[in-house]
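File shown: run.cif (mmCIF, N, CA and C atoms and all ligand atoms; chains and numbers go by the auth columns).
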```cif
data_data
#
loop_
_atom_site.group_PDB
_atom_site.id
_atom_site.type_symbol
_atom_site.label_atom_id
_atom_site.label_comp_id
_atom_site.label_asym_id
_atom_site.label_seq_id
_atom_site.Cartn_x
_atom_site.Cartn_y
_atom_site.Cartn_z
_atom_site.B_iso_or_equiv
_atom_site.auth_seq_id
_atom_site.auth_asym_id
ATOM 1 N N MET A 1 189.981 41.987 -182.579 0.00 1 A
ATOM 2 C CA MET A 1 190.475 43.090 -183.385 0.00 1 A
ATOM 3 C C MET A 1 190.218 44.408 -182.667 0.00 1 A
ATOM 4 N N LEU A 2 191.197 44.841 -181.954 0.00 2 A
ATOM 5 C CA LEU A 2 191.054 46.093 -181.218 0.00 2 A
ATOM 6 C C LEU A 2 191.949 47.164 -181.828 0.00 2 A
ATOM 7 N N THR A 3 191.314 48.204 -182.295 0.00 3 A
ATOM 8 C CA THR A 3 192.107 49.315 -182.798 0.00 3 A
ATOM 9 C C THR A 3 191.804 50.540 -181.965 0.00 3 A
ATOM 10 N N HIS A 4 192.771 51.398 -181.895 0.00 4 A
ATOM 11 C CA HIS A 4 192.530 52.626 -181.147 0.00 4 A
ATOM 12 C C HIS A 4 192.048 53.707 -182.097 0.00 4 A
ATOM 13 N N PRO A 5 190.821 54.107 -181.911 0.00 5 A
ATOM 14 C CA PRO A 5 190.285 55.157 -182.783 0.00 5 A
ATOM 15 C C PRO A 5 191.025 56.469 -182.567 0.00 5 A
ATOM 16 N N LYS A 6 191.165 57.191 -183.639 0.00 6 A
ATOM 17 C CA LYS A 6 191.824 58.489 -183.518 0.00 6 A
ATOM 18 C C LYS A 6 191.124 59.513 -184.402 0.00 6 A
ATOM 19 N N VAL A 7 191.464 60.738 -184.178 0.00 7 A
ATOM 20 C CA VAL A 7 190.820 61.822 -184.916 0.00 7 A
ATOM 21 C C VAL A 7 191.006 61.621 -186.416 0.00 7 A
ATOM 22 N N GLY A 8 189.935 61.748 -187.157 0.00 8 A
ATOM 23 C CA GLY A 8 190.007 61.609 -188.600 0.00 8 A
ATOM 24 C C GLY A 8 189.584 60.238 -189.084 0.00 8 A
ATOM 25 N N ASP A 9 189.499 59.266 -188.165 0.00 9 A
ATOM 26 C CA ASP A 9 189.039 57.935 -188.539 0.00 9 A
ATOM 27 C C ASP A 9 187.553 57.978 -188.889 0.00 9 A
ATOM 28 N N TYR A 10 187.173 57.096 -189.791 0.00 10 A
ATOM 29 C CA TYR A 10 185.760 56.991 -190.139 0.00 10 A
ATOM 30 C C TYR A 10 185.160 55.758 -189.480 0.00 10 A
ATOM 31 N N VAL A 11 183.989 55.916 -188.948 0.00 11 A
ATOM 32 C CA VAL A 11 183.271 54.789 -188.386 0.00 11 A
ATOM 33 C C VAL A 11 181.854 54.779 -188.962 0.00 11 A
ATOM 34 N N THR A 12 181.278 53.613 -188.987 0.00 12 A
ATOM 35 C CA THR A 12 179.906 53.518 -189.464 0.00 12 A
ATOM 36 C C THR A 12 178.973 53.475 -188.273 0.00 12 A
ATOM 37 N N ASN A 13 178.016 54.357 -188.287 0.00 13 A
ATOM 38 C CA ASN A 13 177.140 54.494 -187.139 0.00 13 A
ATOM 39 C C ASN A 13 175.766 54.973 -187.588 0.00 13 A
ATOM 40 N N THR A 14 174.821 54.794 -186.741 0.00 14 A
ATOM 41 C CA THR A 14 173.484 55.277 -187.066 0.00 14 A
ATOM 42 C C THR A 14 173.250 56.633 -186.424 0.00 14 A
ATOM 43 N N CYS A 15 172.972 57.616 -187.260 0.00 15 A
ATOM 44 C CA CYS A 15 172.646 58.936 -186.744 0.00 15 A
ATOM 45 C C CYS A 15 171.192 58.952 -186.322 0.00 15 A
ATOM 46 N N ARG A 16 170.986 59.325 -185.081 0.00 16 A
ATOM 47 C CA ARG A 16 169.608 59.309 -184.570 0.00 16 A
ATOM 48 C C ARG A 16 168.804 60.486 -185.086 0.00 16 A
ATOM 49 N N ARG A 17 169.494 61.514 -185.527 0.00 17 A
ATOM 50 C CA ARG A 17 168.766 62.667 -186.043 0.00 17 A
ATOM 51 C C ARG A 17 168.352 62.426 -187.502 0.00 17 A
ATOM 52 N N CYS A 18 169.286 61.886 -188.310 0.00 18 A
ATOM 53 C CA CYS A 18 168.962 61.578 -189.700 0.00 18 A
ATOM 54 C C CYS A 18 168.213 60.254 -189.795 0.00 18 A
ATOM 55 N N ASN A 19 168.332 59.461 -188.733 0.00 19 A
ATOM 56 C CA ASN A 19 167.699 58.155 -188.690 0.00 19 A
ATOM 57 C C ASN A 19 168.169 57.245 -189.816 0.00 19 A
ATOM 58 N N LYS A 20 169.469 57.260 -190.048 0.00 20 A
ATOM 59 C CA LYS A 20 170.025 56.351 -191.049 0.00 20 A
ATOM 60 C C LYS A 20 171.497 56.089 -190.745 0.00 20 A
ATOM 61 N N LEU A 21 172.016 55.098 -191.461 0.00 21 A
ATOM 62 C CA LEU A 21 173.405 54.723 -191.279 0.00 21 A
ATOM 63 C C LEU A 21 174.304 55.701 -192.026 0.00 21 A
ATOM 64 N N VAL A 22 175.275 56.252 -191.329 0.00 22 A
ATOM 65 C CA VAL A 22 176.177 57.197 -191.979 0.00 22 A
ATOM 66 C C VAL A 22 177.615 56.811 -191.673 0.00 22 A
ATOM 67 N N ARG A 23 178.516 57.296 -192.493 0.00 23 A
ATOM 68 C CA ARG A 23 179.929 57.156 -192.186 0.00 23 A
ATOM 69 C C ARG A 23 180.351 58.424 -191.458 0.00 23 A
ATOM 70 N N SER A 24 180.462 58.288 -190.167 0.00 24 A
ATOM 71 C CA SER A 24 180.778 59.461 -189.377 0.00 24 A
ATOM 72 C C SER A 24 182.279 59.530 -189.140 0.00 24 A
ATOM 73 N N ARG A 25 182.720 60.689 -188.758 0.00 25 A
ATOM 74 C CA ARG A 25 184.147 60.926 -188.623 0.00 25 A
ATOM 75 C C ARG A 25 184.469 61.276 -187.181 0.00 25 A
ATOM 76 N N LEU A 26 185.537 60.702 -186.688 0.00 26 A
ATOM 77 C CA LEU A 26 185.933 60.988 -185.310 0.00 26 A
ATOM 78 C C LEU A 26 186.592 62.355 -185.235 0.00 26 A
ATOM 79 N N THR A 27 186.196 63.081 -184.238 0.00 27 A
ATOM 80 C CA THR A 27 186.736 64.420 -184.066 0.00 27 A
ATOM 81 C C THR A 27 186.751 64.777 -182.590 0.00 27 A
ATOM 82 N N LEU A 28 187.425 65.836 -182.259 0.00 28 A
ATOM 83 C CA LEU A 28 187.443 66.282 -180.868 0.00 28 A
ATOM 84 C C LEU A 28 186.433 67.395 -180.677 0.00 28 A
ATOM 85 N N ARG A 29 185.670 67.251 -179.628 0.00 29 A
ATOM 86 C CA ARG A 29 184.660 68.269 -179.347 0.00 29 A
ATOM 87 C C ARG A 29 184.586 68.546 -177.862 0.00 29 A
ATOM 88 N N ASN A 30 184.125 69.718 -177.541 0.00 30 A
ATOM 89 C CA ASN A 30 183.791 69.984 -176.149 0.00 30 A
ATOM 90 C C ASN A 30 182.412 69.399 -175.885 0.00 30 A
ATOM 91 N N VAL A 31 182.356 68.500 -174.934 0.00 31 A
ATOM 92 C CA VAL A 31 181.092 67.831 -174.660 0.00 31 A
ATOM 93 C C VAL A 31 180.487 68.386 -173.384 0.00 31 A
ATOM 94 N N GLU A 32 179.263 68.875 -173.525 0.00 32 A
ATOM 95 C CA GLU A 32 178.572 69.360 -172.340 0.00 32 A
ATOM 96 C C GLU A 32 177.684 68.254 -171.809 0.00 32 A
ATOM 97 N N LEU A 33 177.866 67.941 -170.546 0.00 33 A
ATOM 98 C CA LEU A 33 177.099 66.869 -169.955 0.00 33 A
ATOM 99 C C LEU A 33 175.796 67.413 -169.418 0.00 33 A
ATOM 100 N N ALA A 34 174.731 66.824 -169.910 0.00 34 A
ATOM 101 C CA ALA A 34 173.397 67.356 -169.642 0.00 34 A
ATOM 102 C C ALA A 34 173.119 67.470 -168.147 0.00 34 A
ATOM 103 N N ARG A 35 173.567 66.462 -167.405 0.00 35 A
ATOM 104 C CA ARG A 35 173.188 66.413 -165.995 0.00 35 A
ATOM 105 C C ARG A 35 173.859 67.507 -165.172 0.00 35 A
ATOM 106 N N THR A 36 175.131 67.741 -165.475 0.00 36 A
ATOM 107 C CA THR A 36 175.885 68.657 -164.620 0.00 36 A
ATOM 108 C C THR A 36 176.198 69.990 -165.304 0.00 36 A
ATOM 109 N N ARG A 37 175.969 70.022 -166.611 0.00 37 A
ATOM 110 C CA ARG A 37 176.316 71.199 -167.423 0.00 37 A
ATOM 111 C C ARG A 37 177.804 71.478 -167.418 0.00 37 A
ATOM 112 N N LEU A 38 178.555 70.477 -167.028 0.00 38 A
ATOM 113 C CA LEU A 38 179.990 70.615 -167.051 0.00 38 A
ATOM 114 C C LEU A 38 180.470 70.335 -168.471 0.00 38 A
ATOM 115 N N VAL A 39 181.387 71.141 -168.941 0.00 39 A
ATOM 116 C CA VAL A 39 181.904 70.937 -170.286 0.00 39 A
ATOM 117 C C VAL A 39 183.271 70.272 -170.200 0.00 39 A
ATOM 118 N N VAL A 40 183.366 69.116 -170.849 0.00 40 A
ATOM 119 C CA VAL A 40 184.643 68.410 -170.887 0.00 40 A
ATOM 120 C C VAL A 40 185.284 68.691 -172.249 0.00 40 A
ATOM 121 N N PRO A 41 186.457 69.310 -172.261 0.00 41 A
ATOM 122 C CA PRO A 41 187.063 69.697 -173.533 0.00 41 A
ATOM 123 C C PRO A 41 187.751 68.531 -174.245 0.00 41 A
ATOM 124 N N ASP A 42 187.807 68.615 -175.566 0.00 42 A
ATOM 125 C CA ASP A 42 188.565 67.676 -176.390 0.00 42 A
ATOM 126 C C ASP A 42 188.214 66.217 -176.134 0.00 42 A
ATOM 127 N N VAL A 43 186.949 65.920 -176.229 0.00 43 A
ATOM 128 C CA VAL A 43 186.502 64.543 -176.080 0.00 43 A
ATOM 129 C C VAL A 43 186.383 63.920 -177.475 0.00 43 A
ATOM 130 N N LEU A 44 186.882 62.690 -177.605 0.00 44 A
ATOM 131 C CA LEU A 44 186.809 62.002 -178.893 0.00 44 A
ATOM 132 C C LEU A 44 185.385 61.499 -179.131 0.00 44 A
ATOM 133 N N VAL A 45 184.760 62.050 -180.152 0.00 45 A
ATOM 134 C CA VAL A 45 183.378 61.667 -180.463 0.00 45 A
ATOM 135 C C VAL A 45 183.262 61.439 -181.970 0.00 45 A
ATOM 136 N N ASP A 46 182.196 60.774 -182.376 0.00 46 A
ATOM 137 C CA ASP A 46 181.961 60.712 -183.818 0.00 46 A
ATOM 138 C C ASP A 46 180.721 61.505 -184.173 0.00 46 A
ATOM 139 N N VAL A 47 180.850 62.202 -185.284 0.00 47 A
ATOM 140 C CA VAL A 47 179.880 63.218 -185.661 0.00 47 A
ATOM 141 C C VAL A 47 179.294 62.896 -187.031 0.00 47 A
ATOM 142 N N CYS A 48 177.994 63.030 -187.148 0.00 48 A
ATOM 143 C CA CYS A 48 177.327 62.806 -188.432 0.00 48 A
ATOM 144 C C CYS A 48 177.803 63.838 -189.453 0.00 48 A
ATOM 145 N N PRO A 49 178.253 63.374 -190.631 0.00 49 A
ATOM 146 C CA PRO A 49 178.755 64.313 -191.646 0.00 49 A
ATOM 147 C C PRO A 49 177.632 65.124 -192.280 0.00 49 A
ATOM 148 N N GLU A 50 176.408 64.687 -192.098 0.00 50 A
ATOM 149 C CA GLU A 50 175.307 65.365 -192.786 0.00 50 A
ATOM 150 C C GLU A 50 174.638 66.439 -191.937 0.00 50 A
ATOM 151 N N CYS A 51 174.481 66.161 -190.651 0.00 51 A
ATOM 152 C CA CYS A 51 173.766 67.149 -189.833 0.00 51 A
ATOM 153 C C CYS A 51 174.614 67.658 -188.665 0.00 51 A
ATOM 154 N N GLY A 52 175.803 67.068 -188.465 0.00 52 A
ATOM 155 C CA GLY A 52 176.671 67.547 -187.403 0.00 52 A
ATOM 156 C C GLY A 52 176.282 67.047 -186.023 0.00 52 A
ATOM 157 N N HIS A 53 175.339 66.131 -185.978 0.00 53 A
ATOM 158 C CA HIS A 53 174.891 65.576 -184.706 0.00 53 A
ATOM 159 C C HIS A 53 175.982 64.694 -184.105 0.00 53 A
ATOM 160 N N MET A 54 176.209 64.855 -182.819 0.00 54 A
ATOM 161 C CA MET A 54 177.182 64.012 -182.134 0.00 54 A
ATOM 162 C C MET A 54 176.564 62.643 -181.886 0.00 54 A
ATOM 163 N N ILE A 55 177.053 61.640 -182.567 0.00 55 A
ATOM 164 C CA ILE A 55 176.412 60.331 -182.519 0.00 55 A
ATOM 165 C C ILE A 55 176.812 59.566 -181.268 0.00 55 A
ATOM 166 N N SER A 56 178.097 59.477 -181.018 0.00 56 A
ATOM 167 C CA SER A 56 178.510 58.745 -179.830 0.00 56 A
ATOM 168 C C SER A 56 179.865 59.239 -179.334 0.00 56 A
ATOM 169 N N ILE A 57 180.142 58.874 -178.095 0.00 57 A
ATOM 170 C CA ILE A 57 181.424 59.204 -177.496 0.00 57 A
ATOM 171 C C ILE A 57 182.285 57.960 -177.547 0.00 57 A
ATOM 172 N N ALA A 58 183.509 58.097 -178.009 0.00 58 A
ATOM 173 C CA ALA A 58 184.397 56.940 -178.102 0.00 58 A
ATOM 174 C C ALA A 58 184.659 56.371 -176.702 0.00 58 A
ATOM 175 N N PRO A 59 184.703 55.040 -176.605 0.00 59 A
ATOM 176 C CA PRO A 59 184.956 54.409 -175.297 0.00 59 A
ATOM 177 C C PRO A 59 186.248 54.921 -174.669 0.00 59 A
ATOM 178 N N GLU A 60 187.196 55.267 -175.524 0.00 60 A
ATOM 179 C CA GLU A 60 188.481 55.777 -175.038 0.00 60 A
ATOM 180 C C GLU A 60 188.316 57.069 -174.249 0.00 60 A
ATOM 181 N N ALA A 61 187.246 57.771 -174.513 0.00 61 A
ATOM 182 C CA ALA A 61 187.060 59.067 -173.868 0.00 61 A
ATOM 183 C C ALA A 61 186.339 58.945 -172.538 0.00 61 A
ATOM 184 N N LEU A 62 185.826 57.754 -172.231 0.00 62 A
ATOM 185 C CA LEU A 62 185.035 57.616 -171.017 0.00 62 A
ATOM 186 C C LEU A 62 185.822 57.889 -169.726 0.00 62 A
ATOM 187 N N PRO A 63 187.069 57.410 -169.625 0.00 63 A
ATOM 188 C CA PRO A 63 187.830 57.764 -168.410 0.00 63 A
ATOM 189 C C PRO A 63 187.971 59.266 -168.236 0.00 63 A
ATOM 190 N N GLN A 64 188.100 59.946 -169.361 0.00 64 A
ATOM 191 C CA GLN A 64 188.201 61.405 -169.367 0.00 64 A
ATOM 192 C C GLN A 64 186.949 62.026 -168.740 0.00 64 A
ATOM 193 N N LEU A 65 185.803 61.457 -169.089 0.00 65 A
ATOM 194 C CA LEU A 65 184.549 61.984 -168.565 0.00 65 A
ATOM 195 C C LEU A 65 184.380 61.615 -167.097 0.00 65 A
ATOM 196 N N ARG A 66 184.823 60.399 -166.787 0.00 66 A
ATOM 197 C CA ARG A 66 184.725 59.950 -165.403 0.00 66 A
ATOM 198 C C ARG A 66 185.578 60.842 -164.510 0.00 66 A
ATOM 199 N N GLU A 67 186.744 61.199 -165.037 0.00 67 A
ATOM 200 C CA GLU A 67 187.657 62.052 -164.288 0.00 67 A
ATOM 201 C C GLU A 67 187.008 63.407 -163.997 0.00 67 A
ATOM 202 N N ALA A 68 186.209 63.839 -164.943 0.00 68 A
ATOM 203 C CA ALA A 68 185.519 65.118 -164.764 0.00 68 A
ATOM 204 C C ALA A 68 184.435 64.995 -163.692 0.00 68 A
ATOM 205 N N GLY A 69 184.185 63.768 -163.294 0.00 69 A
ATOM 206 C CA GLY A 69 183.320 63.558 -162.148 0.00 69 A
ATOM 207 C C GLY A 69 181.846 63.530 -162.460 0.00 69 A
ATOM 208 N N CYS A 70 181.513 63.286 -163.706 0.00 70 A
ATOM 209 C CA CYS A 70 180.101 63.353 -164.037 0.00 70 A
ATOM 210 C C CYS A 70 179.639 62.155 -164.827 0.00 70 A
ATOM 211 N N TRP A 71 180.376 61.089 -164.823 0.00 71 A
ATOM 212 C CA TRP A 71 179.961 59.915 -165.558 0.00 71 A
ATOM 213 C C TRP A 71 180.062 58.709 -164.635 0.00 71 A
ATOM 214 N N LYS A 72 179.023 58.500 -163.845 0.00 72 A
ATOM 215 C CA LYS A 72 179.130 57.466 -162.822 0.00 72 A
ATOM 216 C C LYS A 72 178.177 56.310 -163.080 0.00 72 A
HETATM 217 ZN ZN ZN B . 172.773 63.104 -189.013 0.00 1 B
#
```

Re-express the file's structure as structure tokens.
Ligand SMILES: [Zn+2]
Amino acid sequence: MLTHPKVGDYVTNTCRRCNKLVRSRLTLRNVELARTRLVVPDVLVDVCPECGHMISIAPEALPQLREAGCWK
């Protein structure tokens, strides 16, 4: 069962900041990569609805990050 996640989809994930399971929502964000401080715009990520913490980056967005040259 492979679906392509898109903006506005809800996923269930564990927020590491709230330390609990939340229904997070996929959205586009500018992601700053800690190692290079490079900002990759419009990356598909899921965000905790309660604290706004970026929980994870969608697998679909990984080529985008790789292209930016900072995800090796
Ligand atoms: Zn949270």

Checklist entry - Taking all atoms listed in the file into account, which residues are within 6.5 Å of ligand ZN 1 (chain B), as a list in words? => result Cys15, Arg16, Arg17, Cys18, Asn19, Cys48, Pro49, Glu50, Cys51, Gly52 and His53 of chain A

Item to check | Picked residues, the PyMOL selection byres (((chain A and resi 28) around 6.5) and not hetatm), as an MDAnalysis selection string | outcome: chainID A and resid 7 26:27 29:30 42:45

Filtering to N, CA and C atoms, could you give me those residues as an mmCIF file, in the coordinates of the input?
```cif
data_model
loop_
_atom_site.group_PDB
_atom_site.id
_atom_site.type_symbol
_atom_site.label_atom_id
_atom_site.label_comp_id
_atom_site.auth_asym_id
_atom_site.auth_seq_id
_atom_site.Cartn_x
_atom_site.Cartn_y
_atom_site.Cartn_z
ATOM 1 N N VAL A 7 191.464 60.738 -184.178
ATOM 2 C CA VAL A 7 190.820 61.822 -184.916
ATOM 3 C C VAL A 7 191.006 61.621 -186.416
ATOM 4 N N LEU A 26 185.537 60.702 -186.688
ATOM 5 C CA LEU A 26 185.933 60.988 -185.310
ATOM 6 C C LEU A 26 186.592 62.355 -185.235
ATOM 7 N N THR A 27 186.196 63.081 -184.238
ATOM 8 C CA THR A 27 186.736 64.420 -184.066
ATOM 9 C C THR A 27 186.751 64.777 -182.590
ATOM 10 N N ARG A 29 185.670 67.251 -179.628
ATOM 11 C CA ARG A 29 184.660 68.269 -179.347
ATOM 12 C C ARG A 29 184.586 68.546 -177.862
ATOM 13 N N ASN A 30 184.125 69.718 -177.541
ATOM 14 C CA ASN A 30 183.791 69.984 -176.149
ATOM 15 C C ASN A 30 182.412 69.399 -175.885
ATOM 16 N N ASP A 42 187.807 68.615 -175.566
ATOM 17 C CA ASP A 42 188.565 67.676 -176.390
ATOM 18 C C ASP A 42 188.214 66.217 -176.134
ATOM 19 N N VAL A 43 186.949 65.920 -176.229
ATOM 20 C CA VAL A 43 186.502 64.543 -176.080
ATOM 21 C C VAL A 43 186.383 63.920 -177.475
ATOM 22 N N LEU A 44 186.882 62.690 -177.605
ATOM 23 C CA LEU A 44 186.809 62.002 -178.893
ATOM 24 C C LEU A 44 185.385 61.499 -179.131
ATOM 25 N N VAL A 45 184.760 62.050 -180.152
ATOM 26 C CA VAL A 45 183.378 61.667 -180.463
ATOM 27 C C VAL A 45 183.262 61.439 -181.970
#
```

Next on the checklist: What does the structure give for the distance between atom CA of A:Arg66 and atom N of A:Pro5, in Å to one decimal?
Outcome noted: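 These two atoms are separated by 18.5 Å.
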
Item to check | Residues within 10 Å of (178.5, 67.2, -164.1), counting only C-alpha atoms, listed as a list in words | outcome: Glu32, Leu33, Ala34, Arg35, Thr36, Arg37, Leu38, Val39, Val40, Leu65, Arg66, Ala68, Gly69, Cys70, Trp71 and Lys72 of chain A

Once you add 6 Å to each side, what are the centre and edge lengths of the axis-aligned box holding all listed atoms of stretch 24-28 of chain A? One decimal in Å, as AutoDock Vina command-line options, if you can.
```
--center_x 184.0 --center_y 62.8 --center_z -185.4 --size_x 19.0 --size_y 21.1 --size_z 21.5
```

Next on the checklist: Using Å and a single decimal, report how far atom CA of A:Glu67 sits from atom C of A:Val22.
Outcome noted: 29.6 Å

Next on the checklist: as a VMD selection string, please: every residue in chain A that a backbone DSSP assignment puts in strand (DSSP E).
Outcome noted: chain A and resid 10 to 15 20 to 32 39 to 47 54 to 57

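From atom CA of A:Val47 back to atom C of A:Tyr10, the distance works out to 9.9 Å.
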
Item to check | Target residues per the PyMOL selection byres (((chain A and resi 11 and name CA) around 8) and not hetatm and name CA), formatted as a VMD selection string | outcome: chain A and resid 9 to 10 12 to 13 23 to 26 46
